[in-house]
file data.cif (mmCIF, C-alpha atoms)
data_my_file
loop_
_atom_site.group_PDB
_atom_site.id
_atom_site.type_symbol
_atom_site.label_atom_id
_atom_site.label_comp_id
_atom_site.auth_asym_id
_atom_site.auth_seq_id
_atom_site.Cartn_x
_atom_site.Cartn_y
_atom_site.Cartn_z
ATOM 1 C CA MET A 1 -27.933 -12.362 7.524
ATOM 2 C CA MET A 2 -26.873 -9.094 6.003
ATOM 3 C CA PRO A 3 -23.592 -8.263 4.289
ATOM 4 C CA ARG A 4 -21.398 -6.200 6.558
ATOM 5 C CA ARG A 5 -21.170 -2.503 5.662
ATOM 6 C CA ARG A 6 -17.497 -2.023 5.012
ATOM 7 C CA ILE A 7 -15.542 1.128 5.731
ATOM 8 C CA ARG A 8 -12.386 1.741 3.704
ATOM 9 C CA ALA A 9 -9.994 3.117 6.305
ATOM 10 C CA LEU A 10 -6.414 4.262 6.045
ATOM 11 C CA ALA A 11 -4.165 1.223 5.624
ATOM 12 C CA GLY A 12 -2.473 0.608 8.918
ATOM 13 C CA CYS A 13 -4.371 3.393 10.714
ATOM 14 C CA SER A 14 -5.473 0.980 13.431
ATOM 15 C CA LEU A 15 -1.796 0.489 14.208
ATOM 16 C CA PHE A 16 -1.072 4.161 14.922
ATOM 17 C CA ALA A 17 -1.173 3.455 18.652
ATOM 18 C CA SER A 18 1.764 1.127 18.062
ATOM 19 C CA LEU A 19 3.593 3.814 16.118
ATOM 20 C CA LEU A 20 3.130 6.369 18.843
ATOM 21 C CA ALA A 21 4.316 3.866 21.407
ATOM 22 C CA CYS A 22 7.573 3.051 19.674
ATOM 23 C CA GLY A 23 8.102 6.509 18.176
ATOM 24 C CA GLY A 24 11.236 5.567 16.262
ATOM 25 C CA ASP A 25 13.061 3.922 19.162
ATOM 26 C CA ARG A 26 16.425 2.481 18.148
ATOM 27 C CA VAL A 27 15.765 -1.200 18.652
ATOM 28 C CA THR A 28 17.260 -4.455 17.495
ATOM 29 C CA SER A 29 15.180 -6.111 14.797
ATOM 30 C CA PRO A 30 13.790 -9.492 15.897
ATOM 31 C CA MET A 31 15.353 -11.639 13.201
ATOM 32 C CA GLY A 32 15.556 -15.404 12.904
ATOM 33 C CA VAL A 33 11.784 -15.803 12.452
ATOM 34 C CA ALA A 34 9.508 -16.236 9.458
ATOM 35 C CA VAL A 35 9.341 -12.463 9.017
ATOM 36 C CA GLY A 36 12.716 -12.365 7.322
ATOM 37 C CA SER A 37 14.473 -15.728 7.318
ATOM 38 C CA SER A 38 17.902 -14.104 7.446
ATOM 39 C CA LEU A 39 19.564 -10.771 8.081
ATOM 40 C CA GLY A 40 19.985 -8.810 4.876
ATOM 41 C CA PRO A 41 22.901 -6.719 3.627
ATOM 42 C CA PRO A 42 23.602 -3.282 5.121
ATOM 43 C CA LEU A 43 21.207 -0.441 4.390
ATOM 44 C CA GLY A 44 22.033 1.204 1.093
ATOM 45 C CA ASP A 45 22.809 -2.090 -0.614
ATOM 46 C CA PRO A 46 21.055 -2.125 -4.039
ATOM 47 C CA SER A 47 19.701 -5.634 -3.456
ATOM 48 C CA LEU A 48 17.281 -4.295 -0.813
ATOM 49 C CA VAL A 49 14.368 -3.587 -3.150
ATOM 50 C CA ILE A 50 11.159 -4.408 -1.248
ATOM 51 C CA ALA A 51 9.903 -2.033 1.455
ATOM 52 C CA PHE A 52 7.235 -2.766 4.053
ATOM 53 C CA THR A 53 6.353 -2.230 7.709
ATOM 54 C CA MET A 54 6.834 -4.928 10.339
ATOM 55 C CA CYS A 55 4.896 -4.749 13.617
ATOM 56 C CA GLU A 56 4.647 -6.702 16.818
ATOM 57 C CA ARG A 57 1.327 -8.449 17.405
ATOM 58 C CA LYS A 58 0.496 -6.929 20.788
ATOM 59 C CA ASP A 59 -1.027 -3.797 22.275
ATOM 60 C CA GLN A 60 1.403 -0.893 22.043
ATOM 61 C CA GLY A 61 3.743 -3.140 20.075
ATOM 62 C CA ARG A 62 6.699 -1.711 18.186
ATOM 63 C CA CYS A 63 6.920 -1.265 14.415
ATOM 64 C CA TRP A 64 9.851 -0.957 12.022
ATOM 65 C CA LEU A 65 10.331 0.270 8.471
ATOM 66 C CA THR A 66 11.859 -2.776 6.810
ATOM 67 C CA LEU A 67 13.680 -3.480 3.538
ATOM 68 C CA ALA A 68 14.093 -6.912 1.979
ATOM 69 C CA THR A 69 15.981 -8.577 -0.846
ATOM 70 C CA GLU A 70 14.137 -10.649 -3.439
ATOM 71 C CA GLN A 71 15.305 -13.706 -1.487
ATOM 72 C CA GLY A 72 13.580 -12.513 1.711
ATOM 73 C CA ALA A 73 16.588 -11.351 3.745
ATOM 74 C CA VAL A 74 15.614 -8.232 5.693
ATOM 75 C CA ARG A 75 17.138 -5.154 7.269
ATOM 76 C CA THR A 76 15.229 -2.645 9.417
ATOM 77 C CA ILE A 77 15.532 1.143 9.449
ATOM 78 C CA THR A 78 15.743 2.405 13.037
ATOM 79 C CA SER A 79 16.942 5.938 12.303
ATOM 80 C CA ALA A 80 13.453 7.185 11.384
ATOM 81 C CA PRO A 81 10.037 6.909 13.040
ATOM 82 C CA PRO A 82 8.021 3.950 11.770
ATOM 83 C CA GLY A 83 5.031 4.371 9.482
ATOM 84 C CA PHE A 84 2.885 2.953 6.706
ATOM 85 C CA ASP A 85 2.111 3.524 3.003
ATOM 86 C CA VAL A 86 5.853 3.343 2.277
ATOM 87 C CA VAL A 87 6.842 3.964 -1.374
ATOM 88 C CA TRP A 88 10.146 4.015 -3.270
ATOM 89 C CA SER A 89 11.295 6.992 -5.311
ATOM 90 C CA PRO A 90 11.825 6.235 -9.031
ATOM 91 C CA ASP A 91 15.619 6.221 -8.615
ATOM 92 C CA ARG A 92 15.417 3.872 -5.576
ATOM 93 C CA SER A 93 17.289 6.352 -3.398
ATOM 94 C CA THR A 94 14.504 7.510 -1.088
ATOM 95 C CA LEU A 95 11.447 6.235 0.777
ATOM 96 C CA VAL A 96 8.409 8.373 1.577
ATOM 97 C CA TYR A 97 5.801 7.133 4.028
ATOM 98 C CA LEU A 98 3.054 8.087 6.462
ATOM 99 C CA ALA A 99 4.210 8.515 10.074
ATOM 100 C CA PRO A 100 1.950 9.543 12.982
ATOM 101 C CA ASP A 101 2.724 13.243 12.475
ATOM 102 C CA GLY A 102 2.795 13.511 8.673
ATOM 103 C CA LEU A 103 4.731 12.393 5.612
ATOM 104 C CA TRP A 104 8.370 11.499 6.225
ATOM 105 C CA SER A 105 11.296 10.932 3.889
ATOM 106 C CA VAL A 106 14.355 8.778 4.550
ATOM 107 C CA SER A 107 17.119 7.596 2.256
ATOM 108 C CA ALA A 108 17.450 3.897 1.419
ATOM 109 C CA ALA A 109 20.660 3.997 3.437
ATOM 110 C CA GLY A 110 18.687 5.079 6.515
ATOM 111 C CA THR A 111 20.034 8.656 6.506
ATOM 112 C CA ASP A 112 18.488 12.118 6.110
ATOM 113 C CA ALA A 113 15.240 11.178 7.848
ATOM 114 C CA HIS A 114 12.924 14.178 8.090
ATOM 115 C CA LEU A 115 9.314 15.302 8.157
ATOM 116 C CA ILE A 116 8.406 16.771 4.775
ATOM 117 C CA PRO A 117 7.480 20.447 5.288
ATOM 118 C CA ASN A 118 3.779 21.357 5.117
ATOM 119 C CA THR A 119 2.629 17.751 5.610
ATOM 120 C CA SER A 120 2.516 17.612 9.411
ATOM 121 C CA PHE A 121 -0.883 16.902 10.945
ATOM 122 C CA SER A 122 -1.467 20.433 12.221
ATOM 123 C CA PHE A 123 -3.549 23.338 10.932
ATOM 124 C CA PRO A 124 -3.303 24.799 8.303
ATOM 125 C CA ASN A 125 -1.300 21.968 6.750
ATOM 126 C CA ALA A 126 -2.975 19.271 4.695
ATOM 127 C CA ARG A 127 -3.368 15.868 6.340
ATOM 128 C CA LEU A 128 -1.743 13.735 3.675
ATOM 129 C CA ARG A 129 -1.513 9.973 3.251
ATOM 130 C CA ALA A 130 -1.128 7.362 0.475
ATOM 131 C CA PRO A 131 1.805 9.114 -1.261
ATOM 132 C CA SER A 132 2.861 8.330 -4.847
ATOM 133 C CA TRP A 133 5.974 9.607 -6.641
ATOM 134 C CA SER A 134 5.881 11.274 -10.048
ATOM 135 C CA PRO A 135 8.014 9.471 -12.683
ATOM 136 C CA ASP A 136 10.707 12.163 -12.534
ATOM 137 C CA GLY A 137 10.860 12.078 -8.720
ATOM 138 C CA LYS A 138 10.131 15.800 -8.412
ATOM 139 C CA ARG A 139 6.559 15.646 -7.072
ATOM 140 C CA LEU A 140 4.297 13.600 -4.851
ATOM 141 C CA ALA A 141 0.587 12.933 -5.159
ATOM 142 C CA ALA A 142 -1.251 12.134 -1.924
ATOM 143 C CA TRP A 143 -4.725 11.916 -0.425
ATOM 144 C CA ASP A 144 -5.715 14.847 1.798
ATOM 145 C CA VAL A 145 -7.979 13.471 4.530
ATOM 146 C CA SER A 146 -9.046 16.991 5.506
ATOM 147 C CA SER A 147 -10.476 17.929 2.095
ATOM 148 C CA PHE A 148 -11.132 14.393 0.771
ATOM 149 C CA ARG A 149 -9.304 15.240 -2.440
ATOM 150 C CA TYR A 150 -6.007 14.309 -4.024
ATOM 151 C CA VAL A 151 -3.245 16.885 -3.901
ATOM 152 C CA VAL A 152 0.070 17.279 -5.680
ATOM 153 C CA ILE A 153 3.115 18.770 -3.930
ATOM 154 C CA ASN A 154 6.767 19.174 -4.755
ATOM 155 C CA ALA A 155 9.014 16.590 -3.121
ATOM 156 C CA ASP A 156 10.271 19.284 -0.715
ATOM 157 C CA GLY A 157 6.706 20.000 0.497
ATOM 158 C CA SER A 158 6.197 23.239 -1.437
ATOM 159 C CA GLY A 159 3.629 24.128 -4.085
ATOM 160 C CA LEU A 160 0.606 22.192 -2.803
ATOM 161 C CA GLN A 161 -2.150 21.943 -5.414
ATOM 162 C CA THR A 162 -5.568 20.473 -4.620
ATOM 163 C CA LEU A 163 -7.266 18.474 -7.378
ATOM 164 C CA THR A 164 -10.836 19.485 -6.604
ATOM 165 C CA GLY A 165 -12.359 17.161 -9.188
ATOM 166 C CA THR A 166 -11.354 14.012 -7.294
ATOM 167 C CA ALA A 167 -14.075 14.099 -4.622
ATOM 168 C CA SER A 168 -15.367 10.660 -5.609
ATOM 169 C CA ALA A 169 -11.959 9.016 -5.189
ATOM 170 C CA ALA A 170 -11.403 6.248 -2.646
ATOM 171 C CA GLY A 171 -8.278 7.772 -1.138
ATOM 172 C CA GLN A 172 -5.865 5.037 -2.186
ATOM 173 C CA PRO A 173 -2.462 5.547 -3.874
ATOM 174 C CA VAL A 174 -2.653 6.862 -7.438
ATOM 175 C CA HIS A 175 -0.709 6.023 -10.571
ATOM 176 C CA TRP A 176 1.052 8.820 -12.463
ATOM 177 C CA SER A 177 0.950 8.886 -16.244
ATOM 178 C CA ALA A 178 4.338 8.399 -17.929
ATOM 179 C CA ASP A 179 4.545 12.109 -18.805
ATOM 180 C CA ALA A 180 3.463 13.142 -15.265
ATOM 181 C CA THR A 181 0.495 15.152 -16.557
ATOM 182 C CA ALA A 182 -2.306 12.968 -15.137
ATOM 183 C CA LEU A 183 -3.181 10.700 -12.219
ATOM 184 C CA GLN A 184 -5.184 7.489 -12.406
ATOM 185 C CA TYR A 185 -7.207 6.507 -9.325
ATOM 186 C CA THR A 186 -10.047 4.258 -8.173
ATOM 187 C CA THR A 187 -13.456 5.151 -6.793
ATOM 188 C CA GLY A 188 -13.822 1.624 -5.436
ATOM 189 C CA LYS A 189 -15.835 0.611 -8.501
ATOM 190 C CA THR A 190 -14.192 2.267 -11.512
ATOM 191 C CA ILE A 191 -10.824 3.718 -12.538
ATOM 192 C CA TRP A 192 -10.659 7.420 -13.388
ATOM 193 C CA GLU A 193 -8.035 9.890 -14.563
ATOM 194 C CA VAL A 194 -7.533 13.522 -13.581
ATOM 195 C CA ASP A 195 -5.479 16.036 -15.551
ATOM 196 C CA VAL A 196 -3.089 17.703 -13.091
ATOM 197 C CA ALA A 197 -3.031 21.010 -14.992
ATOM 198 C CA THR A 198 -6.726 21.421 -15.859
ATOM 199 C CA ASN A 199 -8.331 19.343 -13.050
ATOM 200 C CA GLU A 200 -10.569 17.679 -15.645
ATOM 201 C CA THR A 201 -11.563 14.068 -14.922
ATOM 202 C CA ARG A 202 -12.688 11.199 -17.122
ATOM 203 C CA GLN A 203 -13.621 7.574 -16.542
ATOM 204 C CA LEU A 204 -11.086 5.124 -17.958
ATOM 205 C CA VAL A 205 -12.417 1.639 -17.255
ATOM 206 C CA ALA A 206 -15.103 -0.095 -15.196
ATOM 207 C CA PRO A 207 -14.166 -3.762 -14.676
ATOM 208 C CA ALA A 208 -17.063 -6.215 -14.390
ATOM 209 C CA VAL A 209 -16.127 -6.924 -10.763
ATOM 210 C CA PRO A 210 -17.986 -5.703 -7.645
ATOM 211 C CA GLU A 211 -14.994 -3.929 -6.054
ATOM 212 C CA VAL A 212 -11.841 -2.303 -7.443
ATOM 213 C CA TRP A 213 -9.187 -1.542 -4.807
ATOM 214 C CA HIS A 214 -5.376 -1.320 -4.582
ATOM 215 C CA VAL A 215 -5.060 -0.451 -8.272
ATOM 216 C CA THR A 216 -1.466 -0.701 -9.496
ATOM 217 C CA TYR A 217 -0.097 -0.410 -13.035
ATOM 218 C CA SER A 218 2.638 -2.664 -14.425
ATOM 219 C CA PRO A 219 6.074 -1.041 -14.883
ATOM 220 C CA ASP A 220 5.458 -0.571 -18.610
ATOM 221 C CA GLY A 221 1.948 0.775 -17.993
ATOM 222 C CA SER A 222 0.254 -1.831 -20.193
ATOM 223 C CA ARG A 223 -1.542 -3.814 -17.464
ATOM 224 C CA ILE A 224 -3.437 -3.172 -14.253
ATOM 225 C CA ALA A 225 -3.607 -5.354 -11.151
ATOM 226 C CA PHE A 226 -6.285 -4.717 -8.545
ATOM 227 C CA VAL A 227 -8.046 -6.361 -5.624
ATOM 228 C CA ASP A 228 -11.701 -7.185 -4.991
ATOM 229 C CA GLN A 229 -11.804 -7.087 -1.168
ATOM 230 C CA GLU A 230 -15.197 -8.657 -0.524
ATOM 231 C CA ASP A 231 -14.455 -10.795 2.505
ATOM 232 C CA GLY A 232 -17.711 -12.626 3.227
ATOM 233 C CA MET A 233 -18.165 -10.945 6.612
ATOM 234 C CA GLN A 234 -21.788 -10.976 7.726
ATOM 235 C CA TYR A 235 -23.926 -9.519 10.474
ATOM 236 C CA VAL A 236 -25.691 -12.252 12.425
ATOM 237 C CA LEU A 237 -28.531 -11.629 14.876
ATOM 238 C CA GLY A 238 -28.053 -13.912 17.867
ATOM 239 C CA PRO A 239 -29.735 -14.305 21.254
ATOM 240 C CA SER A 240 -27.287 -11.799 22.823
ATOM 241 C CA GLY A 241 -27.365 -9.286 19.988
ATOM 242 C CA THR A 242 -25.679 -8.780 16.643
ATOM 243 C CA TYR A 243 -22.235 -10.197 15.934
ATOM 244 C CA THR A 244 -20.075 -10.733 12.862
ATOM 245 C CA GLN A 245 -18.708 -13.902 11.369
ATOM 246 C CA PHE A 246 -16.892 -14.964 8.224
ATOM 247 C CA GLY A 247 -19.163 -16.422 5.603
ATOM 248 C CA PRO A 248 -18.042 -18.071 2.373
ATOM 249 C CA LEU A 249 -15.478 -16.016 0.438
ATOM 250 C CA PRO A 250 -17.272 -14.484 -2.584
ATOM 251 C CA ALA A 251 -16.206 -15.998 -5.895
ATOM 252 C CA THR A 252 -15.144 -12.597 -7.222
ATOM 253 C CA SER A 253 -12.963 -11.732 -4.233
ATOM 254 C CA GLY A 254 -9.189 -11.718 -4.664
ATOM 255 C CA LEU A 255 -6.512 -10.606 -7.096
ATOM 256 C CA TRP A 256 -7.302 -9.558 -10.682
ATOM 257 C CA VAL A 257 -5.299 -8.488 -13.739
ATOM 258 C CA MET A 258 -6.389 -6.790 -16.963
ATOM 259 C CA ASN A 259 -5.010 -4.719 -19.811
ATOM 260 C CA ARG A 260 -5.065 -0.958 -19.219
ATOM 261 C CA ASP A 261 -8.112 -0.587 -21.504
ATOM 262 C CA GLY A 262 -10.075 -3.156 -19.470
ATOM 263 C CA SER A 263 -9.701 -6.031 -21.898
ATOM 264 C CA GLY A 264 -8.296 -9.399 -20.903
ATOM 265 C CA LEU A 265 -9.809 -9.301 -17.405
ATOM 266 C CA ARG A 266 -8.932 -12.432 -15.427
ATOM 267 C CA GLN A 267 -8.817 -13.517 -11.822
ATOM 268 C CA LEU A 268 -5.449 -14.761 -10.568
ATOM 269 C CA LEU A 269 -6.483 -15.677 -7.021
ATOM 270 C CA ASN A 270 -9.683 -16.172 -5.066
ATOM 271 C CA GLU A 271 -8.523 -15.383 -1.538
ATOM 272 C CA HIS A 272 -8.247 -12.563 1.009
ATOM 273 C CA VAL A 273 -5.827 -9.980 -0.435
ATOM 274 C CA THR A 274 -5.177 -6.537 1.069
ATOM 275 C CA GLY A 275 -2.502 -5.035 -1.186
ATOM 276 C CA VAL A 276 -0.392 -5.727 -4.270
ATOM 277 C CA THR A 277 2.756 -4.474 -6.044
ATOM 278 C CA TRP A 278 4.441 -5.448 -9.357
ATOM 279 C CA SER A 279 7.930 -6.848 -9.787
ATOM 280 C CA PRO A 280 10.249 -4.608 -11.846
ATOM 281 C CA ASP A 281 10.052 -6.963 -14.853
ATOM 282 C CA GLY A 282 6.249 -7.173 -14.732
ATOM 283 C CA ARG A 283 6.265 -10.969 -14.414
ATOM 284 C CA LYS A 284 5.253 -11.327 -10.762
ATOM 285 C CA LEU A 285 2.966 -9.738 -8.205
ATOM 286 C CA LEU A 286 3.782 -9.460 -4.521
ATOM 287 C CA TYR A 287 0.642 -9.363 -2.378
ATOM 288 C CA LYS A 288 -0.430 -9.456 1.262
ATOM 289 C CA ARG A 289 -2.678 -12.329 2.257
ATOM 290 C CA GLU A 290 -4.974 -11.713 5.223
ATOM 291 C CA ALA A 291 -7.367 -14.508 6.104
ATOM 292 C CA PRO A 292 -9.340 -15.840 9.096
ATOM 293 C CA SER A 293 -7.445 -19.126 8.822
ATOM 294 C CA GLY A 294 -4.274 -20.421 7.225
ATOM 295 C CA PRO A 295 -0.949 -18.656 6.696
ATOM 296 C CA THR A 296 -0.809 -14.899 6.251
ATOM 297 C CA GLY A 297 1.955 -12.622 5.040
ATOM 298 C CA LEU A 298 3.555 -11.610 1.743
ATOM 299 C CA PHE A 299 3.239 -14.024 -1.188
ATOM 300 C CA MET A 300 4.483 -13.916 -4.775
ATOM 301 C CA VAL A 301 2.472 -15.128 -7.756
ATOM 302 C CA ASP A 302 3.357 -15.400 -11.438
ATOM 303 C CA VAL A 303 1.190 -13.039 -13.508
ATOM 304 C CA GLY A 304 0.903 -15.678 -16.201
ATOM 305 C CA GLY A 305 -0.705 -18.026 -13.707
ATOM 306 C CA SER A 306 1.749 -20.810 -14.505
ATOM 307 C CA ALA A 307 2.610 -21.594 -10.880
ATOM 308 C CA ALA A 308 1.021 -21.588 -7.439
ATOM 309 C CA PRO A 309 1.677 -18.589 -5.163
ATOM 310 C CA GLN A 310 4.896 -18.846 -3.206
ATOM 311 C CA PRO A 311 5.352 -17.553 0.371
ATOM 312 C CA PHE A 312 7.818 -14.690 0.595
ATOM 313 C CA ILE A 313 7.787 -13.208 4.100
ATOM 314 C CA MET A 314 5.300 -14.728 6.508
ATOM 315 C CA ASP A 315 3.526 -13.384 9.552
ATOM 316 C CA THR A 316 4.214 -15.149 12.841
ATOM 317 C CA ASP A 317 2.467 -15.366 16.194
ATOM 318 C CA SER A 318 4.475 -12.336 17.343
ATOM 319 C CA LEU A 319 5.085 -10.309 14.141
ATOM 320 C CA ARG A 320 3.102 -9.209 11.115
ATOM 321 C CA VAL A 321 3.854 -7.495 7.822
ATOM 322 C CA VAL A 322 1.899 -4.401 6.716
ATOM 323 C CA GLY A 323 1.886 -3.266 3.085
ATOM 324 C CA ALA A 324 4.724 -3.544 0.566
ATOM 325 C CA ASP A 325 6.277 -1.642 -2.343
ATOM 326 C CA TRP A 326 8.707 -3.173 -4.840
ATOM 327 C CA ALA A 327 11.295 -0.740 -6.245
ATOM 328 C CA ARG A 328 11.271 -0.548 -10.030
#
call {"tool": "encode", "arguments": {"input": "data.cif", "output": "structure tokens"}}
result
Amino acid sequence: MMPRRRIRALAGCSLFASLLACGGDRVTSPMGVAVGSSLGPPLGDPSLVIAFTMCERKDQGRCWLTLATEQGAVRTITSAPPGFDVVWSPDRSTLVYLAPDGLWSVSAAGTDAHLIPNTSFSFPNARLRAPSWSPDGKRLAAWDVSSFRYVVINADGSGLQTLTGTASAAGQPVHWSADATALQYTTGKTIWEVDVATNETRQLVAPAVPEVWHVTYSPDGSRIAFVDQEDGMQYVLGPSGTYTQFGPLPATSGLWVMNRDGSGLRQLLNEHVTGVTWSPDGRKLLYKREAPSGPTGLFMVDVGGSAAPQPFIMDTDSLRVVGADWAR
């Protein structure tokens, strides 16, 4: 048996056929199921603080941008095309996300939905994904899949700047420094920083873990959560050819936390995790569990490790949750 060669693809990219199929249709959200146990308050209500994408589990199924309260009540946004990689602006007023034709912006109230200029997937525009807001809300950092570099643009789509020194990056969302002068990012093994003005890069920390994905800093910047996504998949040579199967989950796989300098490294969970976001107070982590068996969906876990993970919004036979971002 050989370990499967893993390809780090755009989160949710395999669901783009679903996005193109539903194309922002105004539909009624399928409530009353585990994905959202109750209907949330109207869009624009400040209690809607968790953003994610909800999709039907079928070919050409529909998807919805979805907001949830901390109690799990949900409300969908049907005034904008659906998408992935959704992130809150620092003031909680706006969502930016990846739609099939580029980066879109929509207010938390579901108004002013529009394609951000110069981000549409057409030449000579950059093909941007994995957006991240600067602390002052004036700029966005994103991964350009045409140049395989990070770029920085103004929130209105102007002033694109390519950070040529980030060629070794893994293309996942970055973290902005508090003064908005630098970006921290992962190569899949180590965490690096690039100076936005000078384009100079330096290695920050290399955790003693095989894989470093979905890096996210705590609200105060003192701690880092990340995911080791080894999944135990193996190639097996059988009588009819090669096939894949799940082997034992590697002991290092799962959710990790450490101080920003790499000290205090500890594993919170040994399970299949595909994304993570901090609570505003830095006490909890919200993560997506994907596994070959057992329940899947969004779970919350105490960073101190004092309690077992608690289910938040669960996948069902007909619906699944993709990604999540918790407003700070």
call {"tool": "residues_around", "arguments": {"input": "data.cif", "residues": "Ala80 in chain A", "least_positions_apart": "2", "cutoff": "7 Å", "atoms": "all atoms listed in the file", "output": "list in words"}}
result
Gly24, Ile77, Thr78, Pro82 and Ala113 of chain A
call {"tool": "write_last_selection", "arguments": {"input": "data.cif", "atoms": "C-alpha atoms", "output": "PDB file, keeping the file's coordinate frame"}}
result
ATOM      1  CA  GLY A  24      11.236   5.567  16.262  1.00  0.00           C
ATOM      2  CA  ILE A  77      15.532   1.143   9.449  1.00  0.00           C
ATOM      3  CA  THR A  78      15.743   2.405  13.037  1.00  0.00           C
ATOM      4  CA  PRO A  82       8.021   3.950  11.770  1.00  0.00           C
ATOM      5  CA  ALA A 113      15.240  11.178   7.848  1.00  0.00           C
TER       6      ALA A 113
END
call {"tool": "resolve_selection", "arguments": {"input": "data.cif", "expression": "the PyMOL selection byres ((chain A and resi 252) around 8)", "output": "list in words"}}
result
Val209, Pro210, Asp228, Glu230, Pro250, Ala251, Ser253, Gly254, Gln267 and Asn270 of chain A
call {"tool": "resolve_selection", "arguments": {"input": "data.cif", "expression": "the PyMOL selection byres ((chain A and resi 189) around 9)", "output": "list in words"}}
result
Thr186, Thr187, Gly188, Thr190, Ile191, Ala206, Pro207, Val209, Pro210, Glu211, Val212 and Trp213 of chain A
call {"tool": "atom_distance", "arguments": {"input": "data.cif", "atom1": "CA of Gly137 in chain A", "atom2": "CA of Pro90 in chain A"}}
result
5.9 Å
call {"tool": "residues_around", "arguments": {"input": "data.cif", "residues": "His175 in chain A", "least_positions_apart": "2", "cutoff": "9 Å", "atoms": "only C-alpha atoms", "output": "ChimeraX atom specification"}}
result
/A:132-134,141,173,177,182-185,215-217
call {"tool": "atom_distance", "arguments": {"input": "data.cif", "atom1": "CA of Pro280 in chain A", "atom2": "CA of Gly323 in chain A"}}
result
17.2 Å
call {"tool": "atom_distance", "arguments": {"input": "data.cif", "atom1": "CA of Thr316 in chain A", "atom2": "CA of Thr296 in chain A"}}
result
8.3 Å
call {"tool": "axis_aligned_box", "arguments": {"input": "data.cif", "around": "range 195-213 of chain A", "padding_each_side": "6 Å", "output": "lines of an AutoDock Vina configuration file"}}
result
center_x = -10.5
center_y = 7.2
center_z = -11.4
size_x = 27.0
size_y = 40.3
size_z = 25.2
call {"tool": "resolve_selection", "arguments": {"input": "data.cif", "expression": "the PyMOL selection byres ((chain A and resi 204) around 7)", "output": "JSON, numbers by chain"}}
result
{"A": [191, 192, 193, 202, 203, 205]}
call {"tool": "closest_residue", "arguments": {"input": "data.cif", "among": "A:Pro295, A:Val49, A:Ser93, A:Gly282", "to": "Asp317 in chain A", "atoms": "all atoms listed in the file"}}
result
A:Pro295
call {"tool": "closest_residue", "arguments": {"input": "data.cif", "among": "A:Leu255, A:Leu298, A:Leu140, A:Val321", "to": "Cys63 in chain A", "atoms": "only C-alpha atoms"}}
result
A:Val321
call {"tool": "closest_residue", "arguments": {"input": "data.cif", "among": "A:Pro100, A:Pro248, A:Pro219, A:Gly61", "to": "Arg260 in chain A", "atoms": "only C-alpha atoms"}}
result
A:Pro219
call {"tool": "closest_residue", "arguments": {"input": "data.cif", "among": "A:Ser120, A:Thr181, A:Ser89, A:Thr198", "to": "Trp104 in chain A", "atoms": "all atoms listed in the file"}}
result
A:Ser120
call {"tool": "closest_residue", "arguments": {"input": "data.cif", "among": "A:Thr166, A:Ser279, A:Asn154, A:Ser293", "to": "Ala327 in chain A", "atoms": "all atoms listed in the file"}}
result
A:Ser279
call {"tool": "build_atoms", "arguments": {"input": "data.cif", "residues": "range 128-139 of chain A", "atoms": "N, CA and C atoms", "output": "compact mmCIF listing (two decimals), keeping the file's coordinate frame"}}
result
# COMPACT_ATOMS: atom_id res chain seq x y z
N LEU A 128 -2.00 14.53 4.87
CA LEU A 128 -1.74 13.74 3.68
C LEU A 128 -1.40 12.29 4.01
N ARG A 129 -1.82 11.39 3.14
CA ARG A 129 -1.51 9.97 3.25
C ARG A 129 -1.50 9.38 1.85
N ALA A 130 -1.16 8.08 1.75
CA ALA A 130 -1.13 7.36 0.48
C ALA A 130 -0.29 8.09 -0.58
N PRO A 131 0.98 8.38 -0.30
CA PRO A 131 1.80 9.11 -1.26
C PRO A 131 2.17 8.28 -2.49
N SER A 132 2.40 8.95 -3.61
CA SER A 132 2.86 8.33 -4.85
C SER A 132 3.82 9.29 -5.53
N TRP A 133 4.96 8.78 -5.98
CA TRP A 133 5.97 9.61 -6.64
C TRP A 133 5.64 9.84 -8.11
N SER A 134 5.94 11.04 -8.60
CA SER A 134 5.88 11.27 -10.05
C SER A 134 7.05 10.55 -10.71
N PRO A 135 6.95 10.24 -12.01
CA PRO A 135 8.01 9.47 -12.68
C PRO A 135 9.38 10.13 -12.63
N ASP A 136 9.42 11.48 -12.58
CA ASP A 136 10.71 12.16 -12.53
C ASP A 136 11.21 12.38 -11.11
N GLY A 137 10.44 11.96 -10.10
CA GLY A 137 10.86 12.08 -8.72
C GLY A 137 10.79 13.48 -8.15
N LYS A 138 10.16 14.41 -8.87
CA LYS A 138 10.13 15.80 -8.41
C LYS A 138 8.89 16.14 -7.59
N ARG A 139 7.81 15.35 -7.76
CA ARG A 139 6.56 15.65 -7.07
C ARG A 139 5.97 14.41 -6.42
